Amino acid sequence: MQNNYVIFKIPSLSTNESFARAAVAAFCANLNPTIDEIIEIKTAVSEAVTNAIIHGYENTVGEIQIECKIKGQLVEIIVEDYGSGIVNVEMAREPLYTTKPELERSGMGFAVMETYMDEVVVLSEKDIGTKVIMRKTISERKK
Amino acid sequence: MQNNYVIFKIPSLSTNESFARAAVAAFCANLNPTIDEIIEIKTAVSEAVTNAIIHGYENTVGEIQIECKIKGQLVEIIVEDYGSGIVNVEMAREPLYTTKPELERSGMGFAVMETYMDEVVVLSEKDIGTKVIMRKTISERKK
Amino acid sequence: IGEIRRYLRDNNSIRVSRSMKDTAYKALQIRERLTSSGSQEPTIAEIANEIGVDKEEIIFALESIQEPISLFEPIYN
Ligand SMILES: Nc1ncnc2c1ncn2[C@@H]1O[C@H](COP(=O)(O)OP(=O)(O)O)[C@@H](O)[C@H]1O
Ligand SMILES: Nc1ncnc2c1ncn2[C@@H]1O[C@H](COP(=O)(O)OP(=O)(O)O)[C@@H](O)[C@H]1O
Ligand SMILES: [Mg+2]
Ligand SMILES: [Mg+2]
């Protein structure tokens, strides 16, 4: 299986969330994942994209870039925004931590990403943006 | 219906043709097309992407950029490569004209694009690349 | 999350390629049914609504049952 990648840029409209996760899932379909694995990837991507929309670009619309790289059975997904950034990443990553309790946010987005992906790296800088890097290895299956 | 767009970049591997056309069609899903309209969009995009792969990047692999812009019920799709370019666009667009008869190419790619899309514009320059702009209006349907 | 994981594990052995094909066939059946009963051709949104999936999924699912277009074959109708 060849190395492959796709990079998408979309505006941070909530209508694009379903497109983003369906597109990433379809791109990963070549690795022959199980339904579970695809649901996990879609859910993790959804959390990262939602964060970019409601936190990164809170009162505005900006561009979100999603990169999906495949190397063998390894998938790496990067969700990037050029919005508000996170001041304290360690604190933000704590389960239940949210800056939007009034929106009934659960504060569980990062916890979900960490549960469903093998590795999650968050790079962020105030007023510059946020980059969430997630990796997952899809198990090989007997052909 | 809001203005919206997606820009995506993928390497010119034949395995990406299927993903590229489905991704464009999926993005157009917001316009509420029928399955027939989806097939028409996919077929036109397929032709343009195949051309970028086999002609634009003939003996190599390069990047293809696909942009899809939506304004109301109008969709504009741009397929761009930075490869060999077309020396004589008018001649290339003639039905049955092909530079690859040995591959049993039909020379009908542009004719197909023109049949399924409302408008096709081709911009190209030798050794710089090719840009195919296609537009289609999706009829409104009762919800 | 524990609950979600338990629910998901029930689908464990099924590959996504299989479920995508199923969605595609359902979509085509619905289209067939609605068209032959005299109604206008259904839209992707109507079909997605009936199956209960995102409309983008219907489109990627339909792609999964399409024969890959050979780069060496004439493609026009
Ligand atoms: N892309 C982002 N841009 C700015 N802030 C973010 C971003 N992603 C996450 N955050 C911050 O991290 C917090 C925790 O995120 P998360 O775990 O997804 O919980 P929730 O979204 O429910 O608040 C958010 O409340 C927000 O303050
Ligand atoms: N992206 C491209 N880059 C370079 N040449 C191209 C490109 N697209 C089309 N062409 C040229 O235009 C011709 C006609 O294209 P087309 O109508 O699709 O027919 P076919 O692909 O079957 O040859 C090709 O044979 C090729 O010479
Ligand atoms: Mg969140
Ligand atoms: Mg062609």
# chains A, B, ... in the order shown; residues from 1 in each chain; ligands from 1
call {"tool": "residues_near_ligand", "arguments": {"ligand": "ligand 3", "cutoff": "12 Å", "atoms": "only C-alpha atoms and all ligand atoms", "output": "PyMOL selection string"}}
result
chain A and resi 43-56+92-101+103-113+132
call {"tool": "select_by_dssp", "arguments": {"residues": "segment 9-120 of chain B", "states": "alpha helix (DSSP H)", "output": "VMD selection string"}}
result
chain B and resid 16 to 27 35 to 51 89 to 92 109 to 116
call {"tool": "write_last_selection", "arguments": {"atoms": "C-alpha atoms", "output": "PDB file, in the first residue's frame"}}
result
ATOM      1  CA  ASN B  16      -7.154   8.868  -5.955  1.00  0.00           C
ATOM      2  CA  GLU B  17      -9.444   9.357  -8.922  1.00  0.00           C
ATOM      3  CA  SER B  18     -12.352   7.634  -7.242  1.00  0.00           C
ATOM      4  CA  PHE B  19     -11.861   9.552  -4.004  1.00  0.00           C
ATOM      5  CA  ALA B  20     -11.547  12.898  -5.794  1.00  0.00           C
ATOM      6  CA  ARG B  21     -14.758  12.572  -7.752  1.00  0.00           C
ATOM      7  CA  ALA B  22     -16.710  11.275  -4.756  1.00  0.00           C
ATOM      8  CA  ALA B  23     -15.386  14.059  -2.530  1.00  0.00           C
ATOM      9  CA  VAL B  24     -16.475  16.764  -4.984  1.00  0.00           C
ATOM     10  CA  ALA B  25     -19.886  15.131  -5.333  1.00  0.00           C
ATOM     11  CA  ALA B  26     -20.236  14.786  -1.562  1.00  0.00           C
ATOM     12  CA  PHE B  27     -19.455  18.467  -1.130  1.00  0.00           C
ATOM     13  CA  ILE B  35     -28.395  10.681  -7.983  1.00  0.00           C
ATOM     14  CA  ASP B  36     -28.300  11.486 -11.721  1.00  0.00           C
ATOM     15  CA  GLU B  37     -26.850  14.930 -11.107  1.00  0.00           C
ATOM     16  CA  ILE B  38     -24.303  13.382  -8.750  1.00  0.00           C
ATOM     17  CA  ILE B  39     -23.283  10.908 -11.453  1.00  0.00           C
ATOM     18  CA  GLU B  40     -22.912  13.743 -13.970  1.00  0.00           C
ATOM     19  CA  ILE B  41     -20.677  15.743 -11.649  1.00  0.00           C
ATOM     20  CA  LYS B  42     -18.579  12.677 -10.798  1.00  0.00           C
ATOM     21  CA  THR B  43     -18.121  11.755 -14.454  1.00  0.00           C
ATOM     22  CA  ALA B  44     -17.000  15.241 -15.449  1.00  0.00           C
ATOM     23  CA  VAL B  45     -14.593  15.489 -12.503  1.00  0.00           C
ATOM     24  CA  SER B  46     -13.270  12.016 -13.321  1.00  0.00           C
ATOM     25  CA  GLU B  47     -12.370  13.080 -16.838  1.00  0.00           C
ATOM     26  CA  ALA B  48     -10.538  16.175 -15.660  1.00  0.00           C
ATOM     27  CA  VAL B  49      -8.677  14.319 -12.906  1.00  0.00           C
ATOM     28  CA  THR B  50      -7.730  11.442 -15.246  1.00  0.00           C
ATOM     29  CA  ASN B  51      -6.323  13.997 -17.672  1.00  0.00           C
ATOM     30  CA  VAL B  89      -6.126  23.973 -26.198  1.00  0.00           C
ATOM     31  CA  GLU B  90      -8.602  24.428 -29.060  1.00  0.00           C
ATOM     32  CA  MET B  91      -7.249  21.375 -30.825  1.00  0.00           C
ATOM     33  CA  ALA B  92      -7.128  19.334 -27.614  1.00  0.00           C
ATOM     34  CA  GLY B 109     -12.788  13.664 -22.143  1.00  0.00           C
ATOM     35  CA  PHE B 110     -13.516  17.301 -22.901  1.00  0.00           C
ATOM     36  CA  ALA B 111     -16.674  16.348 -24.842  1.00  0.00           C
ATOM     37  CA  VAL B 112     -17.907  14.456 -21.773  1.00  0.00           C
ATOM     38  CA  MET B 113     -17.157  17.402 -19.481  1.00  0.00           C
ATOM     39  CA  GLU B 114     -19.040  19.708 -21.844  1.00  0.00           C
ATOM     40  CA  THR B 115     -22.003  17.354 -21.972  1.00  0.00           C
ATOM     41  CA  TYR B 116     -22.399  17.010 -18.214  1.00  0.00           C
TER      42      TYR B 116
END
call {"tool": "interface_residues", "arguments": {"of": "chain A", "to": "chain B", "cutoff": "6 Å", "atoms": "only C-alpha atoms", "output": "ChimeraX atom specification"}}
result
/A:6-10
call {"tool": "closest_residue", "arguments": {"among": "B:Asn88, B:Thr137, B:Gln73, B:Asn32", "to": "ligand 2", "atoms": "only C-alpha atoms and all ligand atoms"}}
result
B:Asn88
call {"tool": "residues_around", "arguments": {"residues": "segment 121-131 of chain B", "least_positions_apart": "2", "cutoff": "9 Å", "atoms": "only C-alpha atoms", "output": "list of chain:residue names"}}
result
B:Ala52, B:Gly56, B:Ile78, B:Val79, B:Glu80, B:Asp81, B:Tyr82, B:Gly83, B:Ser84, B:Gly85, B:Ile86, B:Val87, B:Asn88, B:Val89, B:Arg93, B:Glu119, B:Ile133, B:Met134, B:Arg135
call {"tool": "select_by_dssp", "arguments": {"residues": "chain B", "states": "strand (DSSP E or B)", "output": "count of residues only"}}
result
42
call {"tool": "closest_residue", "arguments": {"among": "B:Ile77, B:Ile70, B:Leu31, B:Glu102", "to": "ligand 2", "atoms": "only C-alpha atoms and all ligand atoms"}}
result
B:Glu102
call {"tool": "decode", "arguments": {"residues": "segment 56-81 of chain A", "atoms": "N, CA and C atoms", "output": "mmCIF file, in the first residue's frame"}}
result
data_model
loop_
_atom_site.group_PDB
_atom_site.id
_atom_site.type_symbol
_atom_site.label_atom_id
_atom_site.label_comp_id
_atom_site.auth_asym_id
_atom_site.auth_seq_id
_atom_site.Cartn_x
_atom_site.Cartn_y
_atom_site.Cartn_z
ATOM 1 N N GLY A 56 -11.915 27.940 18.123
ATOM 2 C CA GLY A 56 -10.897 28.589 17.296
ATOM 3 C C GLY A 56 -11.443 29.834 16.611
ATOM 4 N N TYR A 57 -12.619 29.697 16.007
ATOM 5 C CA TYR A 57 -13.213 30.803 15.260
ATOM 6 C C TYR A 57 -14.531 31.206 15.903
ATOM 7 N N GLU A 58 -14.497 31.393 17.177
ATOM 8 C CA GLU A 58 -15.707 31.604 17.961
ATOM 9 C C GLU A 58 -16.780 32.506 17.354
ATOM 10 N N ASN A 59 -16.484 33.742 17.080
ATOM 11 C CA ASN A 59 -17.530 34.656 16.587
ATOM 12 C C ASN A 59 -17.327 35.029 15.140
ATOM 13 N N THR A 60 -16.609 34.174 14.452
ATOM 14 C CA THR A 60 -16.281 34.513 13.079
ATOM 15 C C THR A 60 -16.230 33.234 12.236
ATOM 16 N N VAL A 61 -15.893 33.363 10.979
ATOM 17 C CA VAL A 61 -15.707 32.185 10.132
ATOM 18 C C VAL A 61 -14.302 32.257 9.577
ATOM 19 N N GLY A 62 -13.547 31.192 9.737
ATOM 20 C CA GLY A 62 -12.182 31.178 9.221
ATOM 21 C C GLY A 62 -11.944 29.849 8.527
ATOM 22 N N GLU A 63 -10.737 29.640 8.060
ATOM 23 C CA GLU A 63 -10.439 28.418 7.333
ATOM 24 C C GLU A 63 -9.891 27.330 8.245
ATOM 25 N N ILE A 64 -10.339 26.120 8.001
ATOM 26 C CA ILE A 64 -9.836 24.957 8.721
ATOM 27 C C ILE A 64 -9.097 24.113 7.699
ATOM 28 N N GLN A 65 -7.923 23.641 8.042
ATOM 29 C CA GLN A 65 -7.195 22.760 7.155
ATOM 30 C C GLN A 65 -7.128 21.375 7.792
ATOM 31 N N ILE A 66 -7.489 20.381 7.005
ATOM 32 C CA ILE A 66 -7.447 19.000 7.501
ATOM 33 C C ILE A 66 -6.531 18.219 6.586
ATOM 34 N N GLU A 67 -5.547 17.596 7.166
ATOM 35 C CA GLU A 67 -4.600 16.818 6.392
ATOM 36 C C GLU A 67 -4.710 15.368 6.839
ATOM 37 N N CYS A 68 -4.703 14.467 5.881
ATOM 38 C CA CYS A 68 -4.806 13.058 6.217
ATOM 39 C C CYS A 68 -3.666 12.357 5.482
ATOM 40 N N LYS A 69 -2.743 11.758 6.228
ATOM 41 C CA LYS A 69 -1.600 11.082 5.613
ATOM 42 C C LYS A 69 -1.655 9.603 5.938
ATOM 43 N N ILE A 70 -1.377 8.797 4.926
ATOM 44 C CA ILE A 70 -1.384 7.345 5.143
ATOM 45 C C ILE A 70 -0.012 6.770 4.823
ATOM 46 N N LYS A 71 0.513 5.998 5.785
ATOM 47 C CA LYS A 71 1.791 5.314 5.545
ATOM 48 C C LYS A 71 1.589 3.877 5.996
ATOM 49 N N GLY A 72 1.421 2.994 5.036
ATOM 50 C CA GLY A 72 1.137 1.612 5.415
ATOM 51 C C GLY A 72 -0.191 1.573 6.142
ATOM 52 N N GLN A 73 -0.223 1.022 7.339
ATOM 53 C CA GLN A 73 -1.483 0.955 8.081
ATOM 54 C C GLN A 73 -1.646 2.122 9.061
ATOM 55 N N LEU A 74 -0.701 3.043 9.021
ATOM 56 C CA LEU A 74 -0.771 4.182 9.931
ATOM 57 C C LEU A 74 -1.466 5.362 9.276
ATOM 58 N N VAL A 75 -2.429 5.942 10.012
ATOM 59 C CA VAL A 75 -3.124 7.135 9.549
ATOM 60 C C VAL A 75 -2.742 8.294 10.458
ATOM 61 N N GLU A 76 -2.394 9.408 9.863
ATOM 62 C CA GLU A 76 -2.122 10.605 10.652
ATOM 63 C C GLU A 76 -3.068 11.688 10.174
ATOM 64 N N ILE A 77 -3.831 12.270 11.092
ATOM 65 C CA ILE A 77 -4.797 13.310 10.728
ATOM 66 C C ILE A 77 -4.436 14.584 11.480
ATOM 67 N N ILE A 78 -4.324 15.667 10.750
ATOM 68 C CA ILE A 78 -3.987 16.956 11.356
ATOM 69 C C ILE A 78 -5.133 17.926 11.095
ATOM 70 N N VAL A 79 -5.692 18.491 12.159
ATOM 71 C CA VAL A 79 -6.763 19.485 12.027
ATOM 72 C C VAL A 79 -6.212 20.804 12.545
ATOM 73 N N GLU A 80 -6.203 21.794 11.670
ATOM 74 C CA GLU A 80 -5.529 23.050 11.992
ATOM 75 C C GLU A 80 -6.443 24.253 11.778
ATOM 76 N N ASP A 81 -6.431 25.190 12.729
ATOM 77 C CA ASP A 81 -7.134 26.459 12.500
ATOM 78 C C ASP A 81 -6.179 27.599 12.812
#
